[in-house]
Amino acid sequence: MIRRSRGRLPRVLEREKDPDGDRLRREAKVAGLRDFRTPSLEAVERRRLRLWLLTTIVLVAVAAGVLAVVRPSSSTSQLLSEPLLRLAVFALAVAFCVYAIEKEFRLGRTTRLLTDERVLTAALTNRLHEASLLLEAGRAMNSVLDLPELLQTVLRSACELLDANGGSVMLVDGDELVTLCVRGREEAVGARLRLGEGVAGHVALRREPVLIEGHVDPNEFPGLANREPYVESAMSLPLIHRDEVVGVLNVNAAAGRAFTEYDLRAVAVFAEQAATAVANARLYEAERAHVAELIELRHGHMGEAG
């Protein structure tokens with residue numbers, strides 16, 4: 001199955017975590033939540049347990065009181081008749097049960113609210129983690145101008161961001177894509193693909209990121225090559241700088257993991273940074289080659305003059 005996403009995409013999938021309360025409070029303060037309090041489902045459960053223990057104790061006490069008051073007696077005078085006592089005890093038991101049910105309802109609602117808050121807190125933690133990874137990746141890419149080293153940094157950072165086990169970076173060379181950096185299938189380095197062919201060529205031509213789930217229809221992507229080893233879930237994103245496609249980033253999910261639209265949005269933000277870094281590295285290489293050419297020409301003129 002293929003899913004396309006159009007336009008600029010913002011970001012994540014969260015991995016199940018049970019973060020420490022102090023760390024959550026620190027991260028919440030960083031995000032601007034100054035009065036953050038860690039939800040405590042355990043405290044709610046303790047209150048619920050105390051409520052039902054109290055209910056049990058009261059009902060047992062009422063039953064014991066009834067047995068003590070309404071026991072056979074030789075006295076002919078009683079303050080209350082037996083039917084009236086039974087009615088009073090029944091009313092008391094019903095009233096207390098209503099009280100316990102009402103408290104249980106409130107505790108249940110509080111539990112649901114705390115569960116929702118804990119889910120939102122986990123989502124916030126995940127956003128902070130991803131923002132940290134994106135910031136680190138941006139710093140790493142901006143600090144490198146050597147193109148091969150930069151491509152390694154881009155691919156490594158993308159795999160770390162998504163917990164992926166492989167991928168590739170392809171750059172545009174004329175009307176073809178050239179695979180310059182690979183993780184997981186090193187023999188694919190140097191492979192060429194025409195624009196419009198296969199998934200990567202389609203992405204470069206259409207300028208649309210693609211999320212791949214399961215088998216890919218060859219009719220939808222002419223020239224599609226068989227993927228060995230088979231990849232269950234993958235993503236392919238165009239690297240666009242100043243409205244020009246400079247390459248394609250491909251990322252493969254690990255076995256048993258499936259990418260989502262949320263992951264695609266996250267990598268789309270990363271791809272924008274990567275495209276800028278690649279364009280800068282190419283410009284640096286072009287300027288360096290130009291300077292080397294000028295130095296060579298100068299040496300040649302000096303040799304002729306000598």
# chains A, B, ... in the order shown; residues from 1 in each chain; ligands from 1
call {"tool": "closest_atom_pairs", "arguments": {"of": "stretch 271-297 of chain A", "to": "stretch 166-169 of chain A", "cutoff": "12 Å", "atoms": "only C-alpha atoms", "output": "JSON lines"}}
result
{"residue": "A:Ala271", "atom": "CA", "partner": "A:Val169", "partner_atom": "CA", "distance": 10.8}
{"residue": "A:Ala274", "atom": "CA", "partner": "A:Val169", "partner_atom": "CA", "distance": 10.3}
{"residue": "A:Ala275", "atom": "CA", "partner": "A:Val169", "partner_atom": "CA", "distance": 10.8}
{"residue": "A:Val278", "atom": "CA", "partner": "A:Val169", "partner_atom": "CA", "distance": 10.6}
call {"tool": "write_last_selection", "arguments": {"atoms": "N, CA and C atoms", "output": "PDB file, in the first residue's frame"}}
result
ATOM      1  N   ALA A 271      14.012  16.316   6.457  1.00  0.00           N
ATOM      2  CA  ALA A 271      14.442  16.347   5.054  1.00  0.00           C
ATOM      3  C   ALA A 271      14.683  17.778   4.576  1.00  0.00           C
ATOM      4  N   ALA A 274      18.060  18.632   5.777  1.00  0.00           N
ATOM      5  CA  ALA A 274      19.055  17.860   5.037  1.00  0.00           C
ATOM      6  C   ALA A 274      19.253  18.429   3.639  1.00  0.00           C
ATOM      7  N   ALA A 275      18.176  18.845   2.974  1.00  0.00           N
ATOM      8  CA  ALA A 275      18.290  19.400   1.622  1.00  0.00           C
ATOM      9  C   ALA A 275      19.133  20.669   1.622  1.00  0.00           C
ATOM     10  N   VAL A 278      22.797  19.653   2.099  1.00  0.00           N
ATOM     11  CA  VAL A 278      23.351  19.064   0.871  1.00  0.00           C
ATOM     12  C   VAL A 278      23.644  20.152  -0.160  1.00  0.00           C
TER      13      VAL A 278
END
call {"tool": "residues_around", "arguments": {"residues": "A:Val203", "least_positions_apart": "4", "cutoff": "12 Å", "atoms": "only C-alpha atoms", "output": "PDB file with N, CA and C atoms, in the first residue's frame"}}
result
ATOM      1  N   ILE A   2       0.500   2.261  -0.805  1.00  0.00           N
ATOM      2  CA  ILE A   2       1.275   3.491  -0.908  1.00  0.00           C
ATOM      3  C   ILE A   2       0.429   4.645  -0.395  1.00  0.00           C
ATOM      4  N   ARG A   3       1.022   5.442   0.438  1.00  0.00           N
ATOM      5  CA  ARG A   3       0.355   6.653   0.906  1.00  0.00           C
ATOM      6  C   ARG A   3       1.213   7.852   0.539  1.00  0.00           C
ATOM      7  N   ARG A   4       0.580   8.851  -0.063  1.00  0.00           N
ATOM      8  CA  ARG A   4       1.298  10.056  -0.440  1.00  0.00           C
ATOM      9  C   ARG A   4       0.870  11.185   0.477  1.00  0.00           C
ATOM     10  N   SER A   5       1.793  12.081   0.695  1.00  0.00           N
ATOM     11  CA  SER A   5       1.501  13.281   1.485  1.00  0.00           C
ATOM     12  C   SER A   5       1.960  14.479   0.680  1.00  0.00           C
ATOM     13  N   ARG A   6       1.073  15.462   0.562  1.00  0.00           N
ATOM     14  CA  ARG A   6       1.377  16.631  -0.264  1.00  0.00           C
ATOM     15  C   ARG A   6       1.730  17.823   0.623  1.00  0.00           C
ATOM     16  N   MET A 170      20.049   9.456  -2.204  1.00  0.00           N
ATOM     17  CA  MET A 170      20.299   9.544  -3.636  1.00  0.00           C
ATOM     18  C   MET A 170      20.287  11.007  -4.039  1.00  0.00           C
ATOM     19  N   VAL A 172      20.509  13.998  -7.217  1.00  0.00           N
ATOM     20  CA  VAL A 172      20.169  14.204  -8.622  1.00  0.00           C
ATOM     21  C   VAL A 172      21.428  14.528  -9.413  1.00  0.00           C
ATOM     22  N   LEU A 177      19.047   9.745 -10.746  1.00  0.00           N
ATOM     23  CA  LEU A 177      19.370   9.725  -9.322  1.00  0.00           C
ATOM     24  C   LEU A 177      20.537   8.770  -9.115  1.00  0.00           C
ATOM     25  N   LEU A 193      19.318   5.617 -11.262  1.00  0.00           N
ATOM     26  CA  LEU A 193      17.891   5.439 -11.524  1.00  0.00           C
ATOM     27  C   LEU A 193      17.380   6.691 -12.220  1.00  0.00           C
ATOM     28  N   ARG A 194      16.674   6.505 -13.329  1.00  0.00           N
ATOM     29  CA  ARG A 194      16.145   7.647 -14.057  1.00  0.00           C
ATOM     30  C   ARG A 194      14.990   8.269 -13.292  1.00  0.00           C
ATOM     31  N   LEU A 195      14.865   9.584 -13.418  1.00  0.00           N
ATOM     32  CA  LEU A 195      13.753  10.278 -12.768  1.00  0.00           C
ATOM     33  C   LEU A 195      12.432   9.740 -13.308  1.00  0.00           C
ATOM     34  N   GLY A 196      11.526   9.429 -12.409  1.00  0.00           N
ATOM     35  CA  GLY A 196      10.230   8.877 -12.805  1.00  0.00           C
ATOM     36  C   GLY A 196      10.170   7.376 -12.706  1.00  0.00           C
ATOM     37  N   GLU A 197      11.321   6.701 -12.564  1.00  0.00           N
ATOM     38  CA  GLU A 197      11.348   5.248 -12.456  1.00  0.00           C
ATOM     39  C   GLU A 197      11.456   4.825 -10.991  1.00  0.00           C
ATOM     40  N   GLY A 198      10.749   3.752 -10.650  1.00  0.00           N
ATOM     41  CA  GLY A 198      10.795   3.252  -9.286  1.00  0.00           C
ATOM     42  C   GLY A 198      10.175   4.227  -8.300  1.00  0.00           C
ATOM     43  N   VAL A 199      10.238   3.877  -7.036  1.00  0.00           N
ATOM     44  CA  VAL A 199       9.649   4.725  -6.005  1.00  0.00           C
ATOM     45  C   VAL A 199      10.444   6.026  -5.865  1.00  0.00           C
ATOM     46  N   ARG A 207       7.830  15.230  -6.546  1.00  0.00           N
ATOM     47  CA  ARG A 207       8.118  16.041  -5.359  1.00  0.00           C
ATOM     48  C   ARG A 207       7.133  15.751  -4.229  1.00  0.00           C
ATOM     49  N   GLU A 208       6.762  14.506  -4.092  1.00  0.00           N
ATOM     50  CA  GLU A 208       5.837  14.097  -3.049  1.00  0.00           C
ATOM     51  C   GLU A 208       6.445  12.980  -2.216  1.00  0.00           C
ATOM     52  N   PRO A 209       6.423  13.094  -0.882  1.00  0.00           N
ATOM     53  CA  PRO A 209       6.890  11.985  -0.041  1.00  0.00           C
ATOM     54  C   PRO A 209       5.928  10.816  -0.134  1.00  0.00           C
ATOM     55  N   VAL A 210       6.453   9.616  -0.013  1.00  0.00           N
ATOM     56  CA  VAL A 210       5.637   8.405  -0.136  1.00  0.00           C
ATOM     57  C   VAL A 210       5.891   7.497   1.062  1.00  0.00           C
ATOM     58  N   LEU A 211       4.798   6.992   1.642  1.00  0.00           N
ATOM     59  CA  LEU A 211       4.867   6.019   2.720  1.00  0.00           C
ATOM     60  C   LEU A 211       4.477   4.660   2.156  1.00  0.00           C
ATOM     61  N   ILE A 212       5.370   3.689   2.263  1.00  0.00           N
ATOM     62  CA  ILE A 212       5.159   2.362   1.678  1.00  0.00           C
ATOM     63  C   ILE A 212       4.801   1.379   2.780  1.00  0.00           C
ATOM     64  N   PHE A 221       4.537   2.203 -10.262  1.00  0.00           N
ATOM     65  CA  PHE A 221       5.899   2.737 -10.319  1.00  0.00           C
ATOM     66  C   PHE A 221       6.677   2.003 -11.412  1.00  0.00           C
ATOM     67  N   MET A 235       9.877   4.600   3.751  1.00  0.00           N
ATOM     68  CA  MET A 235       9.489   5.949   3.363  1.00  0.00           C
ATOM     69  C   MET A 235      10.494   6.491   2.365  1.00  0.00           C
ATOM     70  N   SER A 236      10.005   7.323   1.472  1.00  0.00           N
ATOM     71  CA  SER A 236      10.857   7.969   0.488  1.00  0.00           C
ATOM     72  C   SER A 236      10.434   9.429   0.409  1.00  0.00           C
ATOM     73  N   LEU A 237      11.407  10.330   0.622  1.00  0.00           N
ATOM     74  CA  LEU A 237      11.096  11.754   0.668  1.00  0.00           C
ATOM     75  C   LEU A 237      12.020  12.545  -0.248  1.00  0.00           C
ATOM     76  N   PRO A 238      11.478  13.546  -0.961  1.00  0.00           N
ATOM     77  CA  PRO A 238      12.336  14.388  -1.813  1.00  0.00           C
ATOM     78  C   PRO A 238      13.108  15.381  -0.955  1.00  0.00           C
ATOM     79  N   LEU A 239      14.341  15.648  -1.357  1.00  0.00           N
ATOM     80  CA  LEU A 239      15.160  16.679  -0.725  1.00  0.00           C
ATOM     81  C   LEU A 239      15.080  17.914  -1.613  1.00  0.00           C
ATOM     82  N   ILE A 240      14.341  18.911  -1.150  1.00  0.00           N
ATOM     83  CA  ILE A 240      14.059  20.094  -1.967  1.00  0.00           C
ATOM     84  C   ILE A 240      14.681  21.316  -1.317  1.00  0.00           C
ATOM     85  N   VAL A 245      14.816  20.073  -6.599  1.00  0.00           N
ATOM     86  CA  VAL A 245      15.043  18.750  -6.013  1.00  0.00           C
ATOM     87  C   VAL A 245      16.525  18.416  -6.118  1.00  0.00           C
ATOM     88  N   VAL A 246      17.162  18.220  -4.972  1.00  0.00           N
ATOM     89  CA  VAL A 246      18.586  17.887  -4.979  1.00  0.00           C
ATOM     90  C   VAL A 246      18.822  16.400  -4.746  1.00  0.00           C
ATOM     91  N   GLY A 247      17.796  15.686  -4.283  1.00  0.00           N
ATOM     92  CA  GLY A 247      17.981  14.259  -4.038  1.00  0.00           C
ATOM     93  C   GLY A 247      16.747  13.635  -3.407  1.00  0.00           C
ATOM     94  N   VAL A 248      16.917  12.398  -2.961  1.00  0.00           N
ATOM     95  CA  VAL A 248      15.831  11.634  -2.328  1.00  0.00           C
ATOM     96  C   VAL A 248      16.401  10.900  -1.121  1.00  0.00           C
ATOM     97  N   LEU A 249      15.661  10.931  -0.019  1.00  0.00           N
ATOM     98  CA  LEU A 249      16.027  10.207   1.199  1.00  0.00           C
ATOM     99  C   LEU A 249      15.091   9.012   1.351  1.00  0.00           C
ATOM    100  N   ASN A 250      15.656   7.807   1.449  1.00  0.00           N
ATOM    101  CA  ASN A 250      14.888   6.581   1.640  1.00  0.00           C
ATOM    102  C   ASN A 250      15.225   5.978   3.005  1.00  0.00           C
TER     103      ASN A 250
END
call {"tool": "select_by_dssp", "arguments": {"residues": "stretch 186-261 of chain A", "states": "strand (DSSP E)", "output": "VMD selection string"}}
result
chain A and resid 192 to 194 210 to 213 233 to 241 244 to 252
call {"tool": "write_last_selection", "arguments": {"atoms": "N, CA and C atoms", "output": "mmCIF file, in the first residue's frame"}}
result
data_model
loop_
_atom_site.group_PDB
_atom_site.id
_atom_site.type_symbol
_atom_site.label_atom_id
_atom_site.label_comp_id
_atom_site.auth_asym_id
_atom_site.auth_seq_id
_atom_site.Cartn_x
_atom_site.Cartn_y
_atom_site.Cartn_z
ATOM 1 N N ARG A 192 22.261 3.799 -10.403
ATOM 2 C CA ARG A 192 21.604 4.943 -11.022
ATOM 3 C C ARG A 192 20.160 4.595 -11.374
ATOM 4 N N LEU A 193 19.318 5.617 -11.262
ATOM 5 C CA LEU A 193 17.891 5.439 -11.524
ATOM 6 C C LEU A 193 17.380 6.691 -12.220
ATOM 7 N N ARG A 194 16.674 6.505 -13.329
ATOM 8 C CA ARG A 194 16.145 7.647 -14.057
ATOM 9 C C ARG A 194 14.990 8.269 -13.292
ATOM 10 N N VAL A 210 6.453 9.616 -0.013
ATOM 11 C CA VAL A 210 5.637 8.405 -0.136
ATOM 12 C C VAL A 210 5.891 7.497 1.062
ATOM 13 N N LEU A 211 4.798 6.992 1.642
ATOM 14 C CA LEU A 211 4.867 6.019 2.720
ATOM 15 C C LEU A 211 4.477 4.660 2.156
ATOM 16 N N ILE A 212 5.370 3.689 2.263
ATOM 17 C CA ILE A 212 5.159 2.362 1.678
ATOM 18 C C ILE A 212 4.801 1.379 2.780
ATOM 19 N N GLU A 213 3.705 0.663 2.580
ATOM 20 C CA GLU A 213 3.281 -0.365 3.523
ATOM 21 C C GLU A 213 3.004 -1.649 2.748
ATOM 22 N N SER A 233 7.947 -2.014 5.516
ATOM 23 C CA SER A 233 7.528 -0.621 5.646
ATOM 24 C C SER A 233 8.720 0.289 5.349
ATOM 25 N N ALA A 234 8.476 1.344 4.567
ATOM 26 C CA ALA A 234 9.559 2.255 4.189
ATOM 27 C C ALA A 234 8.979 3.616 3.845
ATOM 28 N N MET A 235 9.877 4.600 3.751
ATOM 29 C CA MET A 235 9.489 5.949 3.363
ATOM 30 C C MET A 235 10.494 6.491 2.365
ATOM 31 N N SER A 236 10.005 7.323 1.472
ATOM 32 C CA SER A 236 10.857 7.969 0.488
ATOM 33 C C SER A 236 10.434 9.429 0.409
ATOM 34 N N LEU A 237 11.407 10.330 0.622
ATOM 35 C CA LEU A 237 11.096 11.754 0.668
ATOM 36 C C LEU A 237 12.020 12.545 -0.248
ATOM 37 N N PRO A 238 11.478 13.546 -0.961
ATOM 38 C CA PRO A 238 12.336 14.388 -1.813
ATOM 39 C C PRO A 238 13.108 15.381 -0.955
ATOM 40 N N LEU A 239 14.341 15.648 -1.357
ATOM 41 C CA LEU A 239 15.160 16.679 -0.725
ATOM 42 C C LEU A 239 15.080 17.914 -1.613
ATOM 43 N N ILE A 240 14.341 18.911 -1.150
ATOM 44 C CA ILE A 240 14.059 20.094 -1.967
ATOM 45 C C ILE A 240 14.681 21.316 -1.317
ATOM 46 N N HIS A 241 15.482 22.033 -2.099
ATOM 47 C CA HIS A 241 16.106 23.266 -1.624
ATOM 48 C C HIS A 241 15.805 24.375 -2.619
ATOM 49 N N GLU A 244 14.103 23.396 -5.769
ATOM 50 C CA GLU A 244 14.874 22.500 -6.645
ATOM 51 C C GLU A 244 15.116 21.178 -5.927
ATOM 52 N N VAL A 245 14.816 20.073 -6.599
ATOM 53 C CA VAL A 245 15.043 18.750 -6.013
ATOM 54 C C VAL A 245 16.525 18.416 -6.118
ATOM 55 N N VAL A 246 17.162 18.220 -4.972
ATOM 56 C CA VAL A 246 18.586 17.887 -4.979
ATOM 57 C C VAL A 246 18.822 16.400 -4.746
ATOM 58 N N GLY A 247 17.796 15.686 -4.283
ATOM 59 C CA GLY A 247 17.981 14.259 -4.038
ATOM 60 C C GLY A 247 16.747 13.635 -3.407
ATOM 61 N N VAL A 248 16.917 12.398 -2.961
ATOM 62 C CA VAL A 248 15.831 11.634 -2.328
ATOM 63 C C VAL A 248 16.401 10.900 -1.121
ATOM 64 N N LEU A 249 15.661 10.931 -0.019
ATOM 65 C CA LEU A 249 16.027 10.207 1.199
ATOM 66 C C LEU A 249 15.091 9.012 1.351
ATOM 67 N N ASN A 250 15.656 7.807 1.449
ATOM 68 C CA ASN A 250 14.888 6.581 1.640
ATOM 69 C C ASN A 250 15.225 5.978 3.005
ATOM 70 N N VAL A 251 14.194 5.585 3.744
ATOM 71 C CA VAL A 251 14.390 5.005 5.073
ATOM 72 C C VAL A 251 13.554 3.738 5.181
ATOM 73 N N ASN A 252 14.177 2.650 5.658
ATOM 74 C CA ASN A 252 13.498 1.357 5.798
ATOM 75 C C ASN A 252 13.262 1.039 7.274
#
call {"tool": "atom_distance", "arguments": {"atom1": "atom CA of A:Leu128", "atom2": "atom CA of A:Gly184"}}
result
28.6 Å
call {"tool": "atom_distance", "arguments": {"atom1": "atom CA of A:Glu232", "atom2": "atom CA of A:Ala254"}}
result
8.5 Å
call {"tool": "closest_residue", "arguments": {"among": "A:Ala91, A:Leu107, A:Val60, A:Leu161", "to": "A:Arg46", "atoms": "only C-alpha atoms"}}
result
A:Leu107
call {"tool": "atom_distance", "arguments": {"atom1": "atom CA of A:Lys103", "atom2": "atom CA of A:Val62"}}
result
19.9 Å
call {"tool": "closest_residue", "arguments": {"among": "A:His129, A:Arg257, A:His290, A:His202", "to": "A:Glu176", "atoms": "only C-alpha atoms"}}
result
A:His202
call {"tool": "select_by_dssp", "arguments": {"residues": "stretch 97-300 of chain A", "states": "helix (DSSP H, G or I)", "output": "ChimeraX atom specification"}}
result
/A:97-142,147-162,186-188,198-206,261-300
call {"tool": "closest_residue", "arguments": {"among": "A:Leu297, A:Ile101, A:Ala279, A:Val269", "to": "A:Leu150", "atoms": "only C-alpha atoms"}}
result
A:Ala279
